[in-house]
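Since the structure comes first, as structure tokens, the remarks are kept for the end.
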Amino acid sequence: MRPTAEEQLEGTCRILETVVSPQVIEPFARTILANLIANLRMVTAALPMISSFLRDDNDATCAQLLAMREVLPRELTERIDHAVAAGKPDNCDGIALEERNRSLRELLAAAINSGHLTRDMLGSVEKHMVERASRNPMRYVPTVATTHNQSERS
Amino acid sequence: MNASSNTMATDDQSGSNDLADRVEGGLRQLISHAVPSAEQIAVTRLSRAAGGLSRENWTVDVSWVGSTGRQQYRLMLMRDAAGTLLNTERSREYDVLKALEKSQVVAPQVFWMDPQGSFLGAPSLVMERMPGECDYMVLNGERPLKNRLQLARDFLRLLVDIQSVNWRVTGLDVSLGLPEKSPSAIQLDHWVAEYDSVRLEPHPELDYVLQWLARRAPDAETIVLVHGDFKPGNALVEGNRITAMLDWETAHLGDPLEDLGWITNPVRGREHQIEGHWEREQIVATYRELTGRSVSDADLTWWNVFSCWKLAIIQLTAISEFVAGRYDRVFQTPTWLYRPMFRMMESVQ
């Protein structure tokens, strides 16, 4: 399907940079535009990885929840069982993958906040969270200049 | 000053020229209100600057003829942006800047305030435009090491000067409020409320850190004036001299380790530290020497972790505002902060 989504986004960045940006004179608008273009490039690169990231994170989060199930209050274990039993969404359904990720992470947050996790479980959760952070394809792209006068500061 | 008449709508959606016209008109009225004898008010070179994540920054020159003759000033006008990262009050910054005029802390002279936006359409503050340049990375820039080290020491000296401000004499205990319990607990409560109001999805990582922070909130050795965002990026430097500390909108009375916790933080260390020369060990040793205060390493680490967690919440605020259509920059969930926070937490287990 050409142009692919990535080609269209990349082309949009190019046009914004070469056609639109030179016409933008106001400093504030230029800063905003630079941030938008940089972020759009990041999203373009991240887009093909998002589904697989969510799928893998859903599996890893499920594994964490099942491993800590025995120490959690009954109400929470029932919610975990219900979420696990719901099954995996279709890998092509981005919205369903996102929603499952949200609900599993909500359960993980509830488990952490329960105060029932053992030291080993917390160590395992921490490792999981660090790995997730390192694989997350969406990353902030800093574009603000580091040098300003008084008026230009954030 | 509280204005009685509402002279300007709060809508910023019109063109930038319209906005500039409105700001110019609002400023004229603010001057007329603040200086009743002012005649021949001239507002020139009004320009919105590129910066300003949490508010609009405008540079402007003004002059008028008043009872004491012709007055002429180079000013900065800070006006709350429609989408803002920090919910702050202009009056807080105004009161602090007024108090600092009687201290040895270098800061701009504050002129006027429009706390409800009655003149300027949004809460605003007008202050002196100071010389110098603000460089986030000045401690690791092109200056020779000797000069950068001197600047680093001067920044710490400035922090100690801020902490030396007598908040009783200057009345800051009244305007900022004296902490009624441990400052760490107050700060944590404040930012937890912000976290609860801005998060758009679960963040187990931030909950995990919050659990740790809540269990270990330390007591303060004493109560001092806290800047709240002390960094080279909020200071002006001319040559090798710090000419002003800016951005007092999050100032409050609190724990001396709060600002120290930000500058000794390994995250964004390139802003605050010089590798091998001015790191946590040297900063704390010099701070102890200058203040005579004991600095508990565990307590300081708590503030290190807290400052990262607070930064994460500020970024969640930016995301929330962006999604709501009130903020024009795109931020992401601050996953880059997780590992450093976990490491610091482990160091004091």
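The chains in the structure tokens are called A, B, ... from first to last as shown; in each chain the residues are counted from 1, and the ligands are counted from 1 in the order shown.
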Practice item. May I have the residues within 12 Å of Val125 (chain A) as an MDAnalysis selection string, using only C-alpha atoms and disregarding those fewer than 2 positions away in the same chain? Key: (chainID A and resid 60:68 105 108:109 111:112 117:123 127:132) or (chainID B and resid 204:205 208 342)
Could you write those residues out with N, CA and C atoms, as a JSON list (two decimals), in the first residue's frame?
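Saved to selection-v5.json:
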[["chain", "number", "residue", "atom", "x", "y", "z"],
["A", 60, "ALA", "N", 4.14, -10.12, 29.33],
["A", 60, "ALA", "CA", 5.04, -9.99, 30.49],
["A", 60, "ALA", "C", 4.29, -9.52, 31.73],
["A", 61, "THR", "N", 3.33, -8.63, 31.54],
["A", 61, "THR", "CA", 2.56, -8.13, 32.69],
["A", 61, "THR", "C", 1.66, -9.22, 33.25],
["A", 62, "CYS", "N", 1.07, -10.00, 32.35],
["A", 62, "CYS", "CA", 0.25, -11.14, 32.78],
["A", 62, "CYS", "C", 1.09, -12.10, 33.64],
["A", 63, "ALA", "N", 2.29, -12.38, 33.18],
["A", 63, "ALA", "CA", 3.18, -13.30, 33.91],
["A", 63, "ALA", "C", 3.49, -12.75, 35.30],
["A", 64, "GLN", "N", 3.73, -11.45, 35.38],
["A", 64, "GLN", "CA", 3.99, -10.82, 36.69],
["A", 64, "GLN", "C", 2.77, -10.97, 37.60],
["A", 65, "LEU", "N", 1.60, -10.70, 37.06],
["A", 65, "LEU", "CA", 0.38, -10.74, 37.87],
["A", 65, "LEU", "C", 0.11, -12.16, 38.39],
["A", 66, "LEU", "N", 0.32, -13.14, 37.51],
["A", 66, "LEU", "CA", 0.07, -14.52, 37.93],
["A", 66, "LEU", "C", 1.07, -14.97, 38.99],
["A", 67, "ALA", "N", 2.30, -14.48, 38.88],
["A", 67, "ALA", "CA", 3.34, -14.86, 39.85],
["A", 67, "ALA", "C", 3.07, -14.28, 41.24],
["A", 68, "MET", "N", 2.39, -13.18, 41.30],
["A", 68, "MET", "CA", 2.15, -12.53, 42.61],
["A", 68, "MET", "C", 0.73, -12.82, 43.14],
["A", 105, "ARG", "N", -2.00, -3.07, 33.30],
["A", 105, "ARG", "CA", -1.13, -2.17, 34.07],
["A", 105, "ARG", "C", -1.88, -1.58, 35.27],
["A", 108, "LEU", "N", -1.53, -4.19, 37.80],
["A", 108, "LEU", "CA", -0.17, -4.19, 38.34],
["A", 108, "LEU", "C", 0.00, -3.06, 39.36],
["A", 109, "ALA", "N", -0.54, -1.89, 39.02],
["A", 109, "ALA", "CA", -0.48, -0.76, 39.96],
["A", 109, "ALA", "C", -1.22, -1.09, 41.25],
["A", 111, "ALA", "N", -1.70, -4.04, 42.51],
["A", 111, "ALA", "CA", -0.91, -5.03, 43.25],
["A", 111, "ALA", "C", 0.22, -4.35, 44.02],
["A", 112, "ILE", "N", 0.88, -3.41, 43.36],
["A", 112, "ILE", "CA", 1.98, -2.67, 44.02],
["A", 112, "ILE", "C", 1.42, -1.87, 45.20],
["A", 117, "LEU", "N", 3.14, -7.38, 48.36],
["A", 117, "LEU", "CA", 4.16, -8.07, 47.56],
["A", 117, "LEU", "C", 5.42, -8.34, 48.38],
["A", 118, "THR", "N", 6.00, -9.51, 48.15],
["A", 118, "THR", "CA", 7.24, -9.86, 48.85],
["A", 118, "THR", "C", 8.41, -9.11, 48.22],
["A", 119, "ARG", "N", 9.52, -9.16, 48.90],
["A", 119, "ARG", "CA", 10.72, -8.48, 48.39],
["A", 119, "ARG", "C", 11.11, -9.03, 47.01],
["A", 120, "ASP", "N", 11.05, -10.37, 46.87],
["A", 120, "ASP", "CA", 11.40, -10.99, 45.59],
["A", 120, "ASP", "C", 10.44, -10.55, 44.48],
["A", 121, "MET", "N", 9.17, -10.48, 44.84],
["A", 121, "MET", "CA", 8.18, -10.05, 43.84],
["A", 121, "MET", "C", 8.45, -8.60, 43.42],
["A", 122, "LEU", "N", 8.75, -7.77, 44.38],
["A", 122, "LEU", "CA", 9.03, -6.36, 44.04],
["A", 122, "LEU", "C", 10.27, -6.26, 43.15],
["A", 123, "GLY", "N", 11.28, -7.11, 43.45],
["A", 123, "GLY", "CA", 12.48, -7.12, 42.62],
["A", 123, "GLY", "C", 12.15, -7.51, 41.19],
["A", 127, "LYS", "N", 12.40, -5.18, 37.77],
["A", 127, "LYS", "CA", 13.12, -5.62, 36.56],
["A", 127, "LYS", "C", 12.20, -5.52, 35.34],
["A", 128, "HIS", "N", 10.98, -5.96, 35.52],
["A", 128, "HIS", "CA", 9.99, -5.89, 34.43],
["A", 128, "HIS", "C", 9.78, -4.43, 33.99],
["A", 129, "MET", "N", 9.69, -3.53, 34.95],
["A", 129, "MET", "CA", 9.41, -2.13, 34.61],
["A", 129, "MET", "C", 10.61, -1.48, 33.90],
["A", 130, "VAL", "N", 11.82, -1.85, 34.33],
["A", 130, "VAL", "CA", 13.02, -1.30, 33.67],
["A", 130, "VAL", "C", 13.09, -1.81, 32.23],
["A", 131, "GLU", "N", 12.81, -3.10, 32.05],
["A", 131, "GLU", "CA", 12.85, -3.67, 30.70],
["A", 131, "GLU", "C", 11.79, -3.03, 29.81],
["A", 132, "ARG", "N", 10.62, -2.83, 30.38],
["A", 132, "ARG", "CA", 9.54, -2.20, 29.61],
["A", 132, "ARG", "C", 9.96, -0.79, 29.17],
["B", 204, "PRO", "N", 2.19, 2.11, 36.99],
["B", 204, "PRO", "CA", 2.66, 1.33, 38.14],
["B", 204, "PRO", "C", 4.06, 1.73, 38.59],
["B", 205, "GLU", "N", 4.90, 2.18, 37.65],
["B", 205, "GLU", "CA", 6.27, 2.58, 38.00],
["B", 205, "GLU", "C", 6.25, 3.77, 38.96],
["B", 208, "TYR", "N", 4.94, 2.73, 42.32],
["B", 208, "TYR", "CA", 5.99, 1.99, 43.05],
["B", 208, "TYR", "C", 6.94, 2.97, 43.76],
["B", 342, "PHE", "N", 14.88, 4.02, 40.55],
["B", 342, "PHE", "CA", 15.01, 2.70, 41.20],
["B", 342, "PHE", "C", 16.41, 2.52, 41.80]]
Review point. DSSP says helix (DSSP H, G or I) for which residues of region 212-309 of chain B? Put them as a PyMOL selection string?
Key: chain B and resi 212-216+232-234+256-263+269-272+280-291+297-309
Per-residue nearest contacts of chain B to chain A (8 Å; only C-alpha atoms) as JSON lines:
{"residue": "B:Arg48", "atom": "CA", "partner": "A:Phe28", "partner_atom": "CA", "distance": 7.2}
{"residue": "B:Ala49", "atom": "CA", "partner": "A:Glu152", "partner_atom": "CA", "distance": 5.0}
{"residue": "B:Ala50", "atom": "CA", "partner": "A:Phe28", "partner_atom": "CA", "distance": 3.8}
{"residue": "B:Gly51", "atom": "CA", "partner": "A:Glu152", "partner_atom": "CA", "distance": 3.9}
{"residue": "B:Gly52", "atom": "CA", "partner": "A:Ser154", "partner_atom": "CA", "distance": 3.8}
{"residue": "B:Leu53", "atom": "CA", "partner": "A:Ser154", "partner_atom": "CA", "distance": 4.7}
{"residue": "B:Ser54", "atom": "CA", "partner": "A:Ser154", "partner_atom": "CA", "distance": 6.7}
{"residue": "B:Arg55", "atom": "CA", "partner": "A:Ser154", "partner_atom": "CA", "distance": 7.7}
{"residue": "B:Asn57", "atom": "CA", "partner": "A:Ser151", "partner_atom": "CA", "distance": 5.7}
{"residue": "B:Trp58", "atom": "CA", "partner": "A:Ser151", "partner_atom": "CA", "distance": 6.4}
{"residue": "B:Thr59", "atom": "CA", "partner": "A:Ser151", "partner_atom": "CA", "distance": 6.2}
{"residue": "B:Met76", "atom": "CA", "partner": "A:Ser151", "partner_atom": "CA", "distance": 6.8}
{"residue": "B:Arg129", "atom": "CA", "partner": "A:Gln150", "partner_atom": "CA", "distance": 7.0}
{"residue": "B:Met130", "atom": "CA", "partner": "A:Gln150", "partner_atom": "CA", "distance": 6.9}
{"residue": "B:Pro131", "atom": "CA", "partner": "A:Gln150", "partner_atom": "CA", "distance": 7.8}
{"residue": "B:Gly132", "atom": "CA", "partner": "A:Asn149", "partner_atom": "CA", "distance": 6.5}
{"residue": "B:Glu133", "atom": "CA", "partner": "A:Asn149", "partner_atom": "CA", "distance": 4.5}
{"residue": "B:Cys134", "atom": "CA", "partner": "A:His148", "partner_atom": "CA", "distance": 4.9}
{"residue": "B:Asp135", "atom": "CA", "partner": "A:Thr147", "partner_atom": "CA", "distance": 4.2}
{"residue": "B:Tyr136", "atom": "CA", "partner": "A:Thr146", "partner_atom": "CA", "distance": 5.2}
{"residue": "B:Met137", "atom": "CA", "partner": "A:Thr146", "partner_atom": "CA", "distance": 6.6}
{"residue": "B:Glu201", "atom": "CA", "partner": "A:Arg102", "partner_atom": "CA", "distance": 6.7}
{"residue": "B:Pro202", "atom": "CA", "partner": "A:Glu106", "partner_atom": "CA", "distance": 5.2}
{"residue": "B:His203", "atom": "CA", "partner": "A:Ala109", "partner_atom": "CA", "distance": 6.8}
{"residue": "B:Pro204", "atom": "CA", "partner": "A:Ala109", "partner_atom": "CA", "distance": 4.2}
{"residue": "B:Glu205", "atom": "CA", "partner": "A:Met129", "partner_atom": "CA", "distance": 6.6}
{"residue": "B:Asp207", "atom": "CA", "partner": "A:Ala109", "partner_atom": "CA", "distance": 6.5}
{"residue": "B:Tyr208", "atom": "CA", "partner": "A:Ile112", "partner_atom": "CA", "distance": 6.2}
{"residue": "B:Gln211", "atom": "CA", "partner": "A:Asn113", "partner_atom": "CA", "distance": 7.2}
{"residue": "B:Gly233", "atom": "CA", "partner": "A:Arg153", "partner_atom": "CA", "distance": 7.7}
{"residue": "B:Asn234", "atom": "CA", "partner": "A:Arg153", "partner_atom": "CA", "distance": 7.6}
{"residue": "B:Leu236", "atom": "CA", "partner": "A:Gln150", "partner_atom": "CA", "distance": 7.0}
{"residue": "B:Asp328", "atom": "CA", "partner": "A:Ile32", "partner_atom": "CA", "distance": 6.8}
{"residue": "B:Arg329", "atom": "CA", "partner": "A:Ile32", "partner_atom": "CA", "distance": 6.4}
{"residue": "B:Val330", "atom": "CA", "partner": "A:Asn39", "partner_atom": "CA", "distance": 7.0}
{"residue": "B:Phe331", "atom": "CA", "partner": "A:Tyr140", "partner_atom": "CA", "distance": 5.6}
{"residue": "B:Gln332", "atom": "CA", "partner": "A:Tyr140", "partner_atom": "CA", "distance": 5.0}
{"residue": "B:Thr333", "atom": "CA", "partner": "A:Arg139", "partner_atom": "CA", "distance": 7.7}
{"residue": "B:Pro334", "atom": "CA", "partner": "A:Tyr140", "partner_atom": "CA", "distance": 7.6}
{"residue": "B:Thr335", "atom": "CA", "partner": "A:Ala133", "partner_atom": "CA", "distance": 5.2}
{"residue": "B:Trp336", "atom": "CA", "partner": "A:Ala133", "partner_atom": "CA", "distance": 7.0}
{"residue": "B:Tyr338", "atom": "CA", "partner": "A:Val130", "partner_atom": "CA", "distance": 6.9}
{"residue": "B:Arg339", "atom": "CA", "partner": "A:Val130", "partner_atom": "CA", "distance": 6.0}
{"residue": "B:Phe342", "atom": "CA", "partner": "A:Glu126", "partner_atom": "CA", "distance": 7.7}
May I have the selected residues written with C-alpha atoms, as a compact mmCIF listing (two decimals), in the first residue's frame?
# COMPACT_ATOMS: atom_id res chain seq x y z
CA ARG B 48 6.63 37.47 22.35
CA ALA B 49 9.72 35.36 22.93
CA ALA B 50 10.34 31.78 21.84
CA GLY B 51 10.51 30.33 25.33
CA GLY B 52 7.83 29.95 27.92
CA LEU B 53 6.56 26.43 28.56
CA SER B 54 4.25 27.43 31.36
CA ARG B 55 3.57 31.02 30.44
CA ASN B 57 7.10 35.71 27.96
CA TRP B 58 6.94 39.17 26.41
CA THR B 59 9.74 41.70 26.17
CA MET B 76 9.56 41.43 30.96
CA ARG B 129 14.52 42.78 32.17
CA MET B 130 17.95 41.77 33.39
CA PRO B 131 21.22 41.46 31.46
CA GLY B 132 22.78 38.08 30.87
CA GLU B 133 22.10 34.81 29.18
CA CYS B 134 20.41 31.74 30.48
CA ASP B 135 22.26 28.57 29.54
CA TYR B 136 21.04 25.23 30.92
CA MET B 137 24.43 23.71 30.21
CA GLU B 201 -3.54 5.95 32.36
CA PRO B 202 -2.07 3.72 35.09
CA HIS B 203 1.61 4.25 35.90
CA PRO B 204 2.66 1.33 38.14
CA GLU B 205 6.27 2.58 38.00
CA ASP B 207 3.07 4.22 42.07
CA TYR B 208 5.99 1.99 43.05
CA GLN B 211 5.10 3.94 47.90
CA GLY B 233 18.35 27.13 33.26
CA ASN B 234 16.56 29.53 35.59
CA LEU B 236 21.09 34.63 33.96
CA ASP B 328 1.15 22.96 21.99
CA ARG B 329 4.14 20.73 22.68
CA VAL B 330 4.23 16.95 22.68
CA PHE B 331 5.72 15.11 25.63
CA GLN B 332 5.93 11.36 26.29
CA THR B 333 5.62 9.33 29.47
CA PRO B 334 8.98 9.94 31.22
CA THR B 335 10.22 6.33 31.14
CA TRP B 336 13.82 7.58 31.15
CA TYR B 338 12.45 5.10 36.07
CA ARG B 339 15.80 3.34 36.19
CA PHE B 342 15.01 2.70 41.20
Practice item. Write down as a VMD selection string the residues belonging to region 103-326 of chain B that are assigned strand (DSSP E or B) by DSSP computed on the backbone. Key: chain B and resid 110 to 114 124 to 128 133 to 135 224 to 226 235 to 238 241 to 245 252 to 254 274 278
Practice item. Find the residues near Gly69 (chain B): any atom within 12 Å, counting only C-alpha atoms, skip ones fewer than 5 places away on the same chain, and give them as a PyMOL selection string. Key: chain B and resi 37-40+63-64
Exercise for review: Name all residues at most 12 Å from Glu279 (chain B) (count only C-alpha atoms; drop same-chain ones fewer than 2 positions away) and give them as a ChimeraX atom specification.
Suggested key: /B:139,149,152-153,260,263-266,269-277,281-287
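For Val43 (chain B), the non-local neighbours within 9 Å, defined as residues at least 5 positions apart in the same chain or in other chains and counting only C-alpha atoms, are Glu24, Gly25, Leu27, Arg28, Val60, Asp61, Val62, Ser63 and Trp64 of chain B.
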Atoms to include: N, CA and C atoms. Write the selected residues as a PDB file, in the first residue's frame.
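Writing the result to out17.pdb gives the following:
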ATOM      1  N   GLU B  24      -0.574  44.760  24.586  1.00  0.00           N
ATOM      2  CA  GLU B  24      -0.126  46.160  24.640  1.00  0.00           C
ATOM      3  C   GLU B  24      -1.194  47.033  25.321  1.00  0.00           C
ATOM      4  N   GLY B  25      -2.444  46.848  24.903  1.00  0.00           N
ATOM      5  CA  GLY B  25      -3.530  47.640  25.494  1.00  0.00           C
ATOM      6  C   GLY B  25      -3.685  47.357  26.980  1.00  0.00           C
ATOM      7  N   LEU B  27      -1.401  46.267  29.005  1.00  0.00           N
ATOM      8  CA  LEU B  27      -0.256  46.807  29.754  1.00  0.00           C
ATOM      9  C   LEU B  27      -0.413  48.312  29.986  1.00  0.00           C
ATOM     10  N   ARG B  28      -0.893  49.016  28.963  1.00  0.00           N
ATOM     11  CA  ARG B  28      -1.143  50.460  29.130  1.00  0.00           C
ATOM     12  C   ARG B  28      -2.114  50.709  30.292  1.00  0.00           C
ATOM     13  N   VAL B  60       9.338  44.051  26.475  1.00  0.00           N
ATOM     14  CA  VAL B  60       8.697  45.320  26.140  1.00  0.00           C
ATOM     15  C   VAL B  60       9.454  46.478  26.787  1.00  0.00           C
ATOM     16  N   ASP B  61       9.489  47.598  26.093  1.00  0.00           N
ATOM     17  CA  ASP B  61      10.047  48.823  26.680  1.00  0.00           C
ATOM     18  C   ASP B  61       8.884  49.758  26.960  1.00  0.00           C
ATOM     19  N   VAL B  62       8.881  50.392  28.129  1.00  0.00           N
ATOM     20  CA  VAL B  62       7.800  51.331  28.440  1.00  0.00           C
ATOM     21  C   VAL B  62       8.385  52.636  28.964  1.00  0.00           C
ATOM     22  N   SER B  63       7.656  53.693  28.753  1.00  0.00           N
ATOM     23  CA  SER B  63       8.035  54.990  29.330  1.00  0.00           C
ATOM     24  C   SER B  63       6.761  55.783  29.604  1.00  0.00           C
ATOM     25  N   TRP B  64       6.844  56.704  30.509  1.00  0.00           N
ATOM     26  CA  TRP B  64       5.739  57.605  30.806  1.00  0.00           C
ATOM     27  C   TRP B  64       6.279  58.830  31.527  1.00  0.00           C
TER      28      TRP B  64
END
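The space between CA of Leu290 (chain B) and CA of Ala185 (chain B) spans 26.6 Å.
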